[in-house]
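A short worksheet on the structure shown next.
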Amino acid sequence: AGLLLDRGDHERAIGELDRAMSAYGTLGGERDAARVRARLRRLGVRRRHWTHAKRPVSGWESLTKTERMVAELVAGGLTNQQAARRLFISPHTVGFHLRQIYRKLGIRSRTALIRFRA
């Protein structure tokens, strides 16, 4: 895509970037897909990257993929700071996800989360 852009062939470059984004998405490379989406945005192209999953309102199945990852890490004994580093997000974001997890699971503490996962 970079070479195509250098040659001024924006349409083909956008097509190649779309293919790359799709491949990364298929392979679970969410960060790489986000990087390609950012490149497309710089070219003036917007691509939707979220899905609206039908989930229950409460219980483990109501958690998003990220909330589940946070829950697993915290239930495994990691601090917010450690979980944040592992997930490449801020500790504040981990705290936000934990509040959502607690609300959805009807619990109030890390200890309850550990018991819930046991």
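By convention in this document, the chains of the structure tokens carry letters A, B, ... by their order, each chain's residues are numbered from 1, and ligands are numbered from 1 in the order they are shown.
For segment 91-102 of chain A, the set of protein, DNA and RNA residues having any atom at most 7 Å away, when counting only C-alpha atoms and skipping those fewer than 3 positions along the same chain, is Leu63, Glu67, Val70, Asn80, Gln81, Ala84, Leu105, Gly106, Ile107 and Arg108 of chain A.
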Can you spit out the residues from that selection as a PDB file, in the first residue's frame, using C-alpha atoms?
```pdb
ATOM      1  CA  LEU A  63     -19.035  -9.230  29.598  1.00  0.00           C
ATOM      2  CA  GLU A  67     -13.947  -7.120  30.299  1.00  0.00           C
ATOM      3  CA  VAL A  70      -9.554  -7.848  32.712  1.00  0.00           C
ATOM      4  CA  ASN A  80      -4.860  -2.816  38.076  1.00  0.00           C
ATOM      5  CA  GLN A  81      -1.406  -1.520  37.136  1.00  0.00           C
ATOM      6  CA  ALA A  84      -3.032  -2.475  32.437  1.00  0.00           C
ATOM      7  CA  LEU A 105     -21.910  -9.765  37.769  1.00  0.00           C
ATOM      8  CA  GLY A 106     -23.689  -8.222  40.761  1.00  0.00           C
ATOM      9  CA  ILE A 107     -20.536  -8.271  42.904  1.00  0.00           C
ATOM     10  CA  ARG A 108     -18.605  -5.633  44.845  1.00  0.00           C
TER      11      ARG A 108
END
```
Any idea what's packed within 10 Å of Asp18 of chain A, counting only C-alpha atoms, ignoring anything in its chain fewer than 5 positions away? Could you give it as JSON, numbers by chain?
{"A": [1, 12, 13, 23, 24, 33, 36, 37, 40, 47]}
Check the smallest atom-to-atom distance from each of A:Arg103, A:Arg110, A:Arg35, A:Arg48 to Val74 of chain A using only C-alpha atoms, then report the winner.
A:Arg110
Alpha helix (DSSP H) residues, from DSSP on the backbone, in chain A, as a count of residues only:
78
Between atom CA of Gly76 of chain A and atom CA of Gly28 of chain A, distance in Å (one decimal):
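If I compute the distance from atom CA of Gly76 of chain A to atom CA of Gly28 of chain A, I get 23.3 Å.
Separating atom CA of Glu30 of chain A from atom CA of Arg117 of chain A is a distance of 25.9 Å.
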